$ cat model_16.cif   # mmCIF, C-alpha atoms and all ligand atoms
data_start
loop_
_atom_site.group_PDB
_atom_site.id
_atom_site.type_symbol
_atom_site.label_atom_id
_atom_site.label_comp_id
_atom_site.auth_asym_id
_atom_site.auth_seq_id
_atom_site.Cartn_x
_atom_site.Cartn_y
_atom_site.Cartn_z
ATOM 1 C CA MET Q 1425 81.308 36.459 -49.005
ATOM 2 C CA LYS Q 1426 78.964 38.959 -47.388
ATOM 3 C CA ILE Q 1427 75.747 37.708 -45.820
ATOM 4 C CA ILE Q 1428 73.219 40.511 -45.942
ATOM 5 C CA ARG Q 1429 69.853 40.371 -44.221
ATOM 6 C CA THR Q 1430 68.508 43.910 -44.503
ATOM 7 C CA ILE Q 1431 67.496 46.049 -47.479
ATOM 8 C CA GLN Q 1432 69.388 49.017 -46.050
ATOM 9 C CA GLU Q 1433 72.653 47.096 -45.874
ATOM 10 C CA MET Q 1434 72.139 45.683 -49.367
ATOM 11 C CA LYS Q 1435 71.512 49.156 -50.810
ATOM 12 C CA ALA Q 1436 74.722 50.466 -49.215
ATOM 13 C CA TYR Q 1437 76.654 47.522 -50.677
ATOM 14 C CA ILE Q 1438 75.122 48.094 -54.141
ATOM 15 C CA LYS Q 1439 76.088 51.771 -53.965
ATOM 16 C CA SER Q 1440 79.698 50.797 -53.228
ATOM 17 C CA LEU Q 1441 79.733 48.419 -56.214
ATOM 18 C CA GLN Q 1442 78.254 51.100 -58.461
ATOM 19 C CA ASN Q 1443 80.848 53.634 -57.285
ATOM 20 C CA GLU Q 1444 83.501 51.163 -58.397
ATOM 21 C CA ARG Q 1445 81.650 50.835 -61.759
ATOM 22 C CA LYS Q 1446 81.106 47.122 -61.184
ATOM 23 C CA GLN Q 1447 78.643 45.152 -63.324
ATOM 24 C CA ILE Q 1448 76.228 43.244 -61.114
ATOM 25 C CA GLY Q 1449 74.862 39.774 -61.916
ATOM 26 C CA PHE Q 1450 71.895 38.605 -59.847
ATOM 27 C CA VAL Q 1451 70.467 35.130 -59.153
ATOM 28 C CA ALA Q 1452 67.123 34.963 -57.300
ATOM 29 C CA THR Q 1453 66.398 31.657 -55.532
ATOM 30 C CA MET Q 1454 64.376 30.027 -52.787
ATOM 31 C CA GLY Q 1455 67.495 28.282 -51.479
ATOM 32 C CA TYR Q 1456 68.231 24.630 -50.732
ATOM 33 C CA PHE Q 1457 70.871 24.856 -53.401
ATOM 34 C CA HIS Q 1458 71.619 22.178 -55.953
ATOM 35 C CA GLU Q 1459 73.738 22.236 -59.069
ATOM 36 C CA GLY Q 1460 71.027 24.069 -61.032
ATOM 37 C CA HIS Q 1461 71.304 27.091 -58.728
ATOM 38 C CA LEU Q 1462 75.098 26.900 -58.679
ATOM 39 C CA THR Q 1463 75.245 26.855 -62.481
ATOM 40 C CA LEU Q 1464 73.291 30.129 -62.570
ATOM 41 C CA MET Q 1465 75.774 31.628 -60.094
ATOM 42 C CA GLU Q 1466 78.737 30.379 -62.123
ATOM 43 C CA SER Q 1467 77.308 31.929 -65.302
ATOM 44 C CA ALA Q 1468 76.784 35.188 -63.417
ATOM 45 C CA LYS Q 1469 80.354 35.057 -62.165
ATOM 46 C CA ARG Q 1470 81.766 34.601 -65.659
ATOM 47 C CA GLU Q 1471 79.800 37.523 -67.078
ATOM 48 C CA ASN Q 1472 79.900 40.166 -64.317
ATOM 49 C CA ASP Q 1473 82.236 41.834 -61.820
ATOM 50 C CA ALA Q 1474 80.089 40.974 -58.811
ATOM 51 C CA VAL Q 1475 77.511 38.246 -58.157
ATOM 52 C CA ILE Q 1476 74.627 38.614 -55.761
ATOM 53 C CA ALA Q 1477 72.324 35.693 -54.980
ATOM 54 C CA SER Q 1478 69.195 35.823 -52.867
ATOM 55 C CA VAL Q 1479 67.558 33.135 -50.763
ATOM 56 C CA PHE Q 1480 63.957 33.989 -50.031
ATOM 57 C CA VAL Q 1481 61.060 31.545 -49.805
ATOM 58 C CA ASN Q 1482 58.466 34.024 -50.969
ATOM 59 C CA PRO Q 1483 55.123 33.492 -49.212
ATOM 60 C CA LEU Q 1484 53.281 35.497 -51.894
ATOM 61 C CA GLN Q 1485 53.931 32.905 -54.588
ATOM 62 C CA PHE Q 1486 52.580 29.890 -52.682
ATOM 63 C CA GLY Q 1487 48.901 28.965 -52.797
ATOM 64 C CA PRO Q 1488 46.967 28.057 -49.610
ATOM 65 C CA ASN Q 1489 47.370 24.294 -50.190
ATOM 66 C CA GLU Q 1490 50.971 24.428 -51.352
ATOM 67 C CA ASP Q 1491 54.230 23.588 -49.593
ATOM 68 C CA PHE Q 1492 55.357 26.965 -48.173
ATOM 69 C CA ASP Q 1493 55.731 25.612 -44.607
ATOM 70 C CA THR Q 1494 57.486 22.418 -45.638
ATOM 71 C CA TYR Q 1495 59.610 23.845 -48.466
ATOM 72 C CA PRO Q 1496 63.131 22.486 -47.790
ATOM 73 C CA ARG Q 1497 65.486 24.982 -46.160
ATOM 74 C CA ASP Q 1498 69.159 24.749 -45.080
ATOM 75 C CA GLU Q 1499 70.777 28.149 -44.520
ATOM 76 C CA GLU Q 1500 74.168 26.904 -43.392
ATOM 77 C CA ARG Q 1501 74.610 24.628 -46.381
ATOM 78 C CA ASP Q 1502 73.432 27.354 -48.780
ATOM 79 C CA ILE Q 1503 75.954 29.808 -47.299
ATOM 80 C CA GLN Q 1504 78.774 27.309 -47.706
ATOM 81 C CA LEU Q 1505 77.862 26.396 -51.303
ATOM 82 C CA ALA Q 1506 77.435 30.037 -52.361
ATOM 83 C CA ARG Q 1507 80.796 30.887 -50.810
ATOM 84 C CA GLU Q 1508 82.491 27.994 -52.633
ATOM 85 C CA THR Q 1509 80.899 29.105 -55.909
ATOM 86 C CA GLY Q 1510 82.362 32.589 -55.576
ATOM 87 C CA VAL Q 1511 79.202 34.579 -54.838
ATOM 88 C CA ASP Q 1512 80.096 38.036 -53.501
ATOM 89 C CA ALA Q 1513 76.992 38.639 -51.424
ATOM 90 C CA LEU Q 1514 74.139 36.393 -50.341
ATOM 91 C CA PHE Q 1515 70.906 38.253 -49.555
ATOM 92 C CA MET Q 1516 68.859 36.353 -46.950
ATOM 93 C CA PRO Q 1517 66.068 38.666 -45.809
ATOM 94 C CA SER Q 1518 63.235 37.637 -43.487
ATOM 95 C CA ALA Q 1519 59.627 37.765 -44.697
ATOM 96 C CA GLU Q 1520 59.099 40.811 -42.420
ATOM 97 C CA GLU Q 1521 62.025 42.608 -44.059
ATOM 98 C CA ILE Q 1522 60.531 42.154 -47.534
ATOM 99 C CA TYR Q 1523 56.879 42.591 -46.522
ATOM 100 C CA PRO Q 1524 56.818 44.793 -43.376
ATOM 101 C CA GLN Q 1525 53.108 45.201 -43.901
ATOM 102 C CA ARG Q 1526 50.518 43.799 -46.259
ATOM 103 C CA PRO Q 1527 51.559 45.214 -49.658
ATOM 104 C CA SER Q 1528 49.287 48.018 -50.829
ATOM 105 C CA ILE Q 1529 50.425 47.382 -54.412
ATOM 106 C CA THR Q 1530 50.996 44.015 -56.018
ATOM 107 C CA LEU Q 1531 51.573 43.155 -59.658
ATOM 108 C CA SER Q 1532 49.223 41.141 -61.740
ATOM 109 C CA ILE Q 1533 50.318 39.551 -64.990
ATOM 110 C CA THR Q 1534 47.708 39.071 -67.689
ATOM 111 C CA GLU Q 1535 49.654 37.440 -70.542
ATOM 112 C CA ARG Q 1536 51.744 34.258 -70.559
ATOM 113 C CA THR Q 1537 50.023 32.971 -67.390
ATOM 114 C CA ASP Q 1538 46.704 31.489 -68.480
ATOM 115 C CA VAL Q 1539 48.563 28.261 -69.366
ATOM 116 C CA LEU Q 1540 50.937 25.709 -67.791
ATOM 117 C CA CYS Q 1541 51.751 26.410 -64.102
ATOM 118 C CA GLY Q 1542 49.990 29.777 -64.287
ATOM 119 C CA LYS Q 1543 46.693 27.979 -64.821
ATOM 120 C CA SER Q 1544 47.148 25.351 -62.107
ATOM 121 C CA ARG Q 1545 48.743 27.763 -59.594
ATOM 122 C CA PRO Q 1546 46.527 30.864 -59.658
ATOM 123 C CA GLY Q 1547 48.321 33.948 -58.316
ATOM 124 C CA HIS Q 1548 51.699 32.210 -58.334
ATOM 125 C CA PHE Q 1549 53.313 34.406 -60.998
ATOM 126 C CA ASP Q 1550 51.809 37.570 -59.523
ATOM 127 C CA GLY Q 1551 53.699 36.685 -56.324
ATOM 128 C CA VAL Q 1552 56.877 35.919 -58.276
ATOM 129 C CA LEU Q 1553 56.711 39.235 -60.137
ATOM 130 C CA THR Q 1554 55.963 41.251 -57.020
ATOM 131 C CA VAL Q 1555 59.017 39.924 -55.201
ATOM 132 C CA LEU Q 1556 61.252 40.165 -58.275
ATOM 133 C CA THR Q 1557 60.264 43.783 -58.831
ATOM 134 C CA LYS Q 1558 61.280 44.539 -55.254
ATOM 135 C CA LEU Q 1559 64.538 42.596 -55.596
ATOM 136 C CA PHE Q 1560 65.396 44.265 -58.928
ATOM 137 C CA HIS Q 1561 64.843 47.685 -57.317
ATOM 138 C CA ILE Q 1562 66.955 46.809 -54.285
ATOM 139 C CA ILE Q 1563 69.822 45.164 -56.189
ATOM 140 C CA GLU Q 1564 69.742 47.114 -59.492
ATOM 141 C CA PRO Q 1565 71.380 44.240 -61.405
ATOM 142 C CA ASN Q 1566 72.825 44.619 -64.901
ATOM 143 C CA LYS Q 1567 72.123 40.971 -65.711
ATOM 144 C CA VAL Q 1568 69.729 38.481 -64.135
ATOM 145 C CA TYR Q 1569 69.968 34.698 -64.397
ATOM 146 C CA PHE Q 1570 67.009 32.331 -64.498
ATOM 147 C CA GLY Q 1571 66.787 28.612 -65.205
ATOM 148 C CA MET Q 1572 65.106 27.239 -68.310
ATOM 149 C CA LYS Q 1573 63.767 24.459 -66.065
ATOM 150 C CA ASP Q 1574 61.152 27.061 -65.127
ATOM 151 C CA ALA Q 1575 60.589 28.110 -68.746
ATOM 152 C CA GLN Q 1576 57.310 29.868 -67.997
ATOM 153 C CA GLN Q 1577 58.915 31.832 -65.169
ATOM 154 C CA THR Q 1578 61.703 32.927 -67.503
ATOM 155 C CA ALA Q 1579 59.079 33.994 -70.086
ATOM 156 C CA VAL Q 1580 57.202 35.921 -67.399
ATOM 157 C CA VAL Q 1581 60.411 37.668 -66.243
ATOM 158 C CA ASP Q 1582 61.050 38.562 -69.900
ATOM 159 C CA ALA Q 1583 57.604 40.221 -69.962
ATOM 160 C CA LEU Q 1584 58.285 42.021 -66.650
ATOM 161 C CA ILE Q 1585 61.525 43.484 -67.971
ATOM 162 C CA GLN Q 1586 59.881 44.604 -71.222
ATOM 163 C CA ASP Q 1587 56.665 45.970 -69.734
ATOM 164 C CA LEU Q 1588 58.191 47.823 -66.783
ATOM 165 C CA ASN Q 1589 61.325 48.916 -68.667
ATOM 166 C CA PHE Q 1590 63.869 47.428 -66.326
ATOM 167 C CA PRO Q 1591 67.340 48.153 -67.767
ATOM 168 C CA VAL Q 1592 68.279 44.528 -67.260
ATOM 169 C CA GLU Q 1593 69.611 41.773 -69.469
ATOM 170 C CA LEU Q 1594 67.865 38.444 -68.965
ATOM 171 C CA ARG Q 1595 69.840 35.234 -69.310
ATOM 172 C CA GLY Q 1596 67.948 31.931 -69.359
ATOM 173 C CA ILE Q 1597 70.347 29.101 -68.467
ATOM 174 C CA GLU Q 1598 70.151 25.450 -69.562
ATOM 175 C CA THR Q 1599 68.447 22.978 -67.218
ATOM 176 C CA VAL Q 1600 70.920 20.979 -65.135
ATOM 177 C CA ARG Q 1601 69.975 17.297 -64.954
ATOM 178 C CA GLU Q 1602 70.907 14.191 -62.978
ATOM 179 C CA VAL Q 1603 72.871 11.626 -65.034
ATOM 180 C CA ASP Q 1604 69.652 9.782 -65.907
ATOM 181 C CA GLY Q 1605 68.003 12.973 -67.164
ATOM 182 C CA LEU Q 1606 65.819 14.024 -64.197
ATOM 183 C CA ALA Q 1607 65.897 17.819 -63.881
ATOM 184 C CA LYS Q 1608 67.548 18.856 -60.618
ATOM 185 C CA SER Q 1609 65.049 20.359 -58.209
ATOM 186 C CA SER Q 1610 64.904 21.179 -54.512
ATOM 187 C CA ARG Q 1611 61.624 19.228 -54.470
ATOM 188 C CA ASN Q 1612 63.261 15.958 -55.624
ATOM 189 C CA VAL Q 1613 63.986 15.203 -51.939
ATOM 190 C CA TYR Q 1614 60.259 14.579 -51.493
ATOM 191 C CA LEU Q 1615 60.363 11.552 -53.846
ATOM 192 C CA SER Q 1616 60.325 7.974 -52.558
ATOM 193 C CA GLU Q 1617 62.904 5.621 -54.046
ATOM 194 C CA LYS Q 1618 60.351 4.172 -56.465
ATOM 195 C CA GLU Q 1619 59.070 7.617 -57.468
ATOM 196 C CA ARG Q 1620 62.638 8.757 -58.039
ATOM 197 C CA GLU Q 1621 63.046 5.906 -60.546
ATOM 198 C CA GLU Q 1622 59.772 6.763 -62.249
ATOM 199 C CA ALA Q 1623 60.488 10.495 -62.341
ATOM 200 C CA VAL Q 1624 63.088 10.040 -65.059
ATOM 201 C CA TRP Q 1625 60.175 9.361 -67.425
ATOM 202 C CA LEU Q 1626 59.187 13.033 -67.457
ATOM 203 C CA TYR Q 1627 62.300 13.884 -69.430
ATOM 204 C CA ARG Q 1628 62.209 10.671 -71.465
ATOM 205 C CA ALA Q 1629 58.607 11.403 -72.453
ATOM 206 C CA LEU Q 1630 59.470 14.972 -73.477
ATOM 207 C CA GLU Q 1631 62.348 13.634 -75.547
ATOM 208 C CA LYS Q 1632 60.010 11.167 -77.249
ATOM 209 C CA GLY Q 1633 57.807 14.113 -78.188
ATOM 210 C CA ARG Q 1634 60.759 16.021 -79.570
ATOM 211 C CA VAL Q 1635 61.953 13.023 -81.603
ATOM 212 C CA LEU Q 1636 58.468 12.776 -83.175
ATOM 213 C CA VAL Q 1637 58.901 16.373 -84.316
ATOM 214 C CA ALA Q 1638 62.391 15.667 -85.643
ATOM 215 C CA ASP Q 1639 60.786 12.828 -87.640
ATOM 216 C CA GLY Q 1640 58.310 15.246 -89.221
ATOM 217 C CA GLU Q 1641 55.302 15.383 -86.868
ATOM 218 C CA THR Q 1642 53.705 18.850 -86.759
ATOM 219 C CA SER Q 1643 50.501 18.239 -84.793
ATOM 220 C CA PRO Q 1644 50.652 19.432 -81.170
ATOM 221 C CA VAL Q 1645 47.854 17.025 -80.211
ATOM 222 C CA THR Q 1646 49.776 13.981 -81.470
ATOM 223 C CA ILE Q 1647 52.945 15.097 -79.685
ATOM 224 C CA ILE Q 1648 51.101 15.813 -76.423
ATOM 225 C CA ASN Q 1649 49.317 12.457 -76.543
ATOM 226 C CA GLU Q 1650 52.601 10.617 -77.016
ATOM 227 C CA VAL Q 1651 54.080 12.370 -73.960
ATOM 228 C CA LYS Q 1652 50.967 11.685 -71.842
ATOM 229 C CA GLN Q 1653 50.898 8.024 -72.849
ATOM 230 C CA THR Q 1654 54.589 7.566 -72.039
ATOM 231 C CA ILE Q 1655 54.175 9.091 -68.571
ATOM 232 C CA THR Q 1656 51.016 7.085 -67.837
ATOM 233 C CA ASP Q 1657 52.642 3.833 -68.986
ATOM 234 C CA ASN Q 1658 55.768 4.282 -66.872
ATOM 235 C CA THR Q 1659 54.805 6.135 -63.681
ATOM 236 C CA ASN Q 1660 52.143 6.193 -61.000
ATOM 237 C CA GLY Q 1661 52.286 9.984 -61.016
ATOM 238 C CA LYS Q 1662 49.154 12.017 -61.750
ATOM 239 C CA ILE Q 1663 49.556 14.268 -64.756
ATOM 240 C CA ASP Q 1664 48.717 17.909 -63.983
ATOM 241 C CA TYR Q 1665 49.391 19.021 -67.560
ATOM 242 C CA VAL Q 1666 51.237 18.217 -70.758
ATOM 243 C CA GLU Q 1667 51.111 21.274 -73.013
ATOM 244 C CA LEU Q 1668 52.856 22.806 -76.003
ATOM 245 C CA TYR Q 1669 53.063 26.543 -76.778
ATOM 246 C CA ARG Q 1670 55.061 28.992 -78.798
ATOM 247 C CA TYR Q 1671 58.036 30.300 -76.798
ATOM 248 C CA PRO Q 1672 58.445 32.782 -75.164
ATOM 249 C CA ASP Q 1673 54.993 34.329 -75.736
ATOM 250 C CA LEU Q 1674 53.199 31.072 -74.809
ATOM 251 C CA LYS Q 1675 50.535 31.400 -77.495
ATOM 252 C CA ALA Q 1676 48.724 28.300 -78.747
ATOM 253 C CA VAL Q 1677 49.966 26.700 -81.963
ATOM 254 C CA SER Q 1678 47.848 24.612 -84.305
ATOM 255 C CA LYS Q 1679 50.777 23.345 -86.361
ATOM 256 C CA LEU Q 1680 54.438 23.370 -85.408
ATOM 257 C CA ASN Q 1681 56.345 26.219 -86.963
ATOM 258 C CA GLY Q 1682 59.086 28.037 -85.034
ATOM 259 C CA GLN Q 1683 60.168 27.770 -81.432
ATOM 260 C CA VAL Q 1684 57.911 25.953 -78.960
ATOM 261 C CA VAL Q 1685 58.023 24.743 -75.373
ATOM 262 C CA LEU Q 1686 56.770 21.242 -74.582
ATOM 263 C CA ALA Q 1687 56.162 21.143 -70.840
ATOM 264 C CA VAL Q 1688 54.891 18.723 -68.198
ATOM 265 C CA ALA Q 1689 53.839 18.831 -64.564
ATOM 266 C CA VAL Q 1690 53.244 15.584 -62.675
ATOM 267 C CA HIS Q 1691 52.071 15.061 -59.107
ATOM 268 C CA PHE Q 1692 53.776 12.367 -57.115
ATOM 269 C CA ASN Q 1693 52.787 11.623 -53.532
ATOM 270 C CA LYS Q 1694 54.572 14.582 -51.900
ATOM 271 C CA ALA Q 1695 56.081 16.410 -54.871
ATOM 272 C CA ARG Q 1696 54.792 18.105 -57.968
ATOM 273 C CA LEU Q 1697 57.584 17.963 -60.560
ATOM 274 C CA ILE Q 1698 57.870 20.082 -63.704
ATOM 275 C CA ASP Q 1699 60.095 19.804 -66.743
ATOM 276 C CA ASN Q 1700 60.175 21.066 -70.314
ATOM 277 C CA ILE Q 1701 62.159 21.207 -73.504
ATOM 278 C CA ILE Q 1702 62.208 23.978 -76.064
ATOM 279 C CA PHE Q 1703 62.778 23.179 -79.726
ATOM 280 C CA ASP Q 1704 61.894 24.283 -83.235
ATOM 281 C CA GLU Q 1705 59.914 22.554 -85.981
ATOM 282 C CA THR Q 1706 62.970 20.479 -86.940
ATOM 283 C CA GLY Q 1707 63.327 19.184 -83.364
ATOM 284 C CA LYS Q 1708 66.472 21.257 -82.763
ATOM 285 C CA LYS Q 1709 66.759 22.112 -79.078
ATOM 286 C CA LEU Q 1710 67.128 25.577 -77.654
ATOM 287 C CA THR Q 1711 68.963 25.383 -74.346
ATOM 288 C CA SER Q 1712 69.424 29.032 -73.402
ATOM 289 C CA PHE Q 1713 67.524 32.294 -73.782
ATOM 290 C CA THR Q 1714 68.287 36.006 -73.773
ATOM 291 C CA ASN Q 1715 66.216 39.163 -74.219
ATOM 292 C CA ARG Q 1716 69.065 40.864 -76.111
HETATM 293 P P1 LIG K 1801 64.152 28.103 -57.093
HETATM 294 O O1 LIG K 1801 65.061 28.144 -55.919
HETATM 295 O O2 LIG K 1801 63.524 26.766 -57.323
HETATM 296 O O3 LIG K 1801 63.178 29.244 -57.118
HETATM 297 O O4 LIG K 1801 65.074 28.314 -58.361
HETATM 298 C C1 LIG K 1801 65.905 29.443 -58.472
HETATM 299 C C2 LIG K 1801 66.438 29.530 -59.871
HETATM 300 O O5 LIG K 1801 67.152 28.344 -60.187
HETATM 301 C C3 LIG K 1801 65.313 29.643 -60.924
HETATM 302 O O6 LIG K 1801 65.722 30.563 -61.928
HETATM 303 C C4 LIG K 1801 65.231 28.256 -61.463
HETATM 304 O O7 LIG K 1801 64.747 28.198 -62.784
HETATM 305 C C5 LIG K 1801 66.671 27.818 -61.405
HETATM 306 N N1 LIG K 1801 66.748 26.353 -61.431
HETATM 307 C C6 LIG K 1801 66.073 25.473 -60.649
HETATM 308 N N2 LIG K 1801 66.358 24.208 -61.007
HETATM 309 C C7 LIG K 1801 67.244 24.287 -62.046
HETATM 310 C C8 LIG K 1801 67.912 23.327 -62.850
HETATM 311 N N3 LIG K 1801 67.748 22.023 -62.680
HETATM 312 N N4 LIG K 1801 68.737 23.783 -63.833
HETATM 313 C C9 LIG K 1801 68.913 25.113 -64.024
HETATM 314 N N5 LIG K 1801 68.317 26.064 -63.293
HETATM 315 C C10 LIG K 1801 67.489 25.658 -62.319
#
$ encode --input "model_16.cif" --output "structure tokens"
Amino acid sequence: MKIIRTIQEMKAYIKSLQNERKQIGFVATMGYFHEGHLTLMESAKRENDAVIASVFVNPLQFGPNEDFDTYPRDEERDIQLARETGVDALFMPSAEEIYPQRPSITLSITERTDVLCGKSRPGHFDGVLTVLTKLFHIIEPNKVYFGMKDAQQTAVVDALIQDLNFPVELRGIETVREVDGLAKSSRNVYLSEKEREEAVWLYRALEKGRVLVADGETSPVTIINEVKQTITDNTNGKIDYVELYRYPDLKAVSKLNGQVVLAVAVHFNKARLIDNIIFDETGKKLTSFTNR
């Protein structure tokens, strides 16, 4: 596996792949790999000739009071896991390599961000889109892989690809969970033992909401209240939001009809956890997504 730290070296490598007519699958990450990341890489490996993954904790997407400085990092372990997973090249640029000076152009997304994490993390998705645009230009992938755990991010990447005409196929991959249902996340290491036990209620609460729908409930308010109540009854976490929107355009719905995302964000002492499930008006789950 190649470890590439500069844009120039990555571009030369991409050119060599293109000369060999190789299809490129790309997985963008902030590192500290867990099975969720590795599943994206495995999907990319199955569906492409070459897999490139990036590890870049992007300062632009963190707010002033967020965890940029303390975000967990472990380069050596990430290199080993990517190698074992069959990644062809791991792109690990420094912040100076990606942003040699203050960017004179940044992107600003106006749809799909006034809700969920976009509302509670102002500027976050602008930072995500700015770095992804750069990475897509550097790597020129044929297919990109994103996790449905970050359903809003996947919806925002879908908008980026449509609006800026990237010739890229988007693949949204099912959320990988611990055996008890907690969505795998690099931030789970911040949880105390007790919080770790409570955290399983995010997924259980979402499932309770989905079962209500399967039983015929069509009112978003009733579903949201059930989820909120379940989280409040079973955790000491502070709810940031419980919301339900049409997916992927994230428009409000007054009555369930078609595909929706039911999503939560909960603050524990040192970690803010998110989770979601996507389903239709019969309660049938959607686990993957594609823009094709
Ligand atoms: P991150 O390193 O947190 O920015 O995540 C990089 C990619 O991995 C994003 O596309 C995430 O949605 C995806 N991802 C994170 N956690 C999971 C998970 N539990 N299951 C599937 N994909 C995930």
$ residues_near_ligand --input "model_16.cif" --ligand "ligand LIG 1801 (chain K)" --cutoff "10 Å" --atoms "all atoms listed in the file" --output "PyMOL selection string"
chain Q and resi 1451-1465+1477-1482+1552+1568-1578+1581+1595-1602+1606-1611+1698-1699
$ write_last_selection --input "model_16.cif" --atoms "C-alpha atoms" --output "tab-separated table (two decimals), in the coordinates of the input"
chain	number	residue	atom	x	y	z
Q	1451	VAL	CA	70.47	35.13	-59.15
Q	1452	ALA	CA	67.12	34.96	-57.30
Q	1453	THR	CA	66.40	31.66	-55.53
Q	1454	MET	CA	64.38	30.03	-52.79
Q	1455	GLY	CA	67.50	28.28	-51.48
Q	1456	TYR	CA	68.23	24.63	-50.73
Q	1457	PHE	CA	70.87	24.86	-53.40
Q	1458	HIS	CA	71.62	22.18	-55.95
Q	1459	GLU	CA	73.74	22.24	-59.07
Q	1460	GLY	CA	71.03	24.07	-61.03
Q	1461	HIS	CA	71.30	27.09	-58.73
Q	1462	LEU	CA	75.10	26.90	-58.68
Q	1463	THR	CA	75.24	26.86	-62.48
Q	1464	LEU	CA	73.29	30.13	-62.57
Q	1465	MET	CA	75.77	31.63	-60.09
Q	1477	ALA	CA	72.32	35.69	-54.98
Q	1478	SER	CA	69.19	35.82	-52.87
Q	1479	VAL	CA	67.56	33.14	-50.76
Q	1480	PHE	CA	63.96	33.99	-50.03
Q	1481	VAL	CA	61.06	31.54	-49.80
Q	1482	ASN	CA	58.47	34.02	-50.97
Q	1552	VAL	CA	56.88	35.92	-58.28
Q	1568	VAL	CA	69.73	38.48	-64.14
Q	1569	TYR	CA	69.97	34.70	-64.40
Q	1570	PHE	CA	67.01	32.33	-64.50
Q	1571	GLY	CA	66.79	28.61	-65.20
Q	1572	MET	CA	65.11	27.24	-68.31
Q	1573	LYS	CA	63.77	24.46	-66.06
Q	1574	ASP	CA	61.15	27.06	-65.13
Q	1575	ALA	CA	60.59	28.11	-68.75
Q	1576	GLN	CA	57.31	29.87	-68.00
Q	1577	GLN	CA	58.92	31.83	-65.17
Q	1578	THR	CA	61.70	32.93	-67.50
Q	1581	VAL	CA	60.41	37.67	-66.24
Q	1595	ARG	CA	69.84	35.23	-69.31
Q	1596	GLY	CA	67.95	31.93	-69.36
Q	1597	ILE	CA	70.35	29.10	-68.47
Q	1598	GLU	CA	70.15	25.45	-69.56
Q	1599	THR	CA	68.45	22.98	-67.22
Q	1600	VAL	CA	70.92	20.98	-65.14
Q	1601	ARG	CA	69.97	17.30	-64.95
Q	1602	GLU	CA	70.91	14.19	-62.98
Q	1606	LEU	CA	65.82	14.02	-64.20
Q	1607	ALA	CA	65.90	17.82	-63.88
Q	1608	LYS	CA	67.55	18.86	-60.62
Q	1609	SER	CA	65.05	20.36	-58.21
Q	1610	SER	CA	64.90	21.18	-54.51
Q	1611	ARG	CA	61.62	19.23	-54.47
Q	1698	ILE	CA	57.87	20.08	-63.70
Q	1699	ASP	CA	60.10	19.80	-66.74
$ atom_distance --input "model_16.cif" --atom1 "CA of Glu1444 (chain Q)" --atom2 "CA of Lys1567 (chain Q)"
16.9 Å
$ closest_residue --input "model_16.cif" --among "Q:Thr1659, Q:Ser1467, Q:Gln1525, Q:Thr1557" --to "Arg1620 (chain Q)" --atoms "all atoms listed in the file"
Q:Thr1659
$ closest_residue --input "model_16.cif" --among "Q:Ser1643, Q:Thr1430, Q:Thr1554, Q:Ser1544" --to "Ala1689 (chain Q)" --atoms "all atoms listed in the file"
Q:Ser1544
$ residues_around --input "model_16.cif" --residues "Ile1428 (chain Q)" --least-positions-apart "4" --cutoff "12 Å" --atoms "all atoms listed in the file" --output "PyMOL selection string"
chain Q and resi 1432-1438+1476-1479+1503+1512-1518+1521+1563
$ residues_around --input "model_16.cif" --residues "Ala1676 (chain Q)" --least-positions-apart "4" --cutoff "10 Å" --atoms "all atoms listed in the file" --output "list in words"
Val1539, Pro1644, Glu1667, Leu1668, Tyr1669, Arg1670, Tyr1671 and Val1684 of chain Q
$ resolve_selection --input "model_16.cif" --expression "the PyMOL selection byres (((chain Q and resi 1449) around 8) and not hetatm)" --output "list in words"
Gln1447, Ile1448, Phe1450, Val1451, Ala1468, Lys1469, Glu1471, Asn1472, Asp1473, Ala1474, Val1475, Ile1476, Pro1565, Asn1566, Lys1567, Val1568 and Tyr1569 of chain Q
$ resolve_selection --input "model_16.cif" --expression "the PyMOL selection byres (((chain Q and resi 1582) around 12) and not hetatm)" --output "ChimeraX atom specification"
/Q:1533,1535-1536,1553,1556,1568-1570,1575-1581,1583-1596,1671-1674,1713-1716
$ closest_residue --input "model_16.cif" --among "Q:Lys1662, Q:Lys1652, Q:His1548, Q:His1691" --to "Asn1612 (chain Q)" --atoms "all atoms listed in the file"
Q:His1691
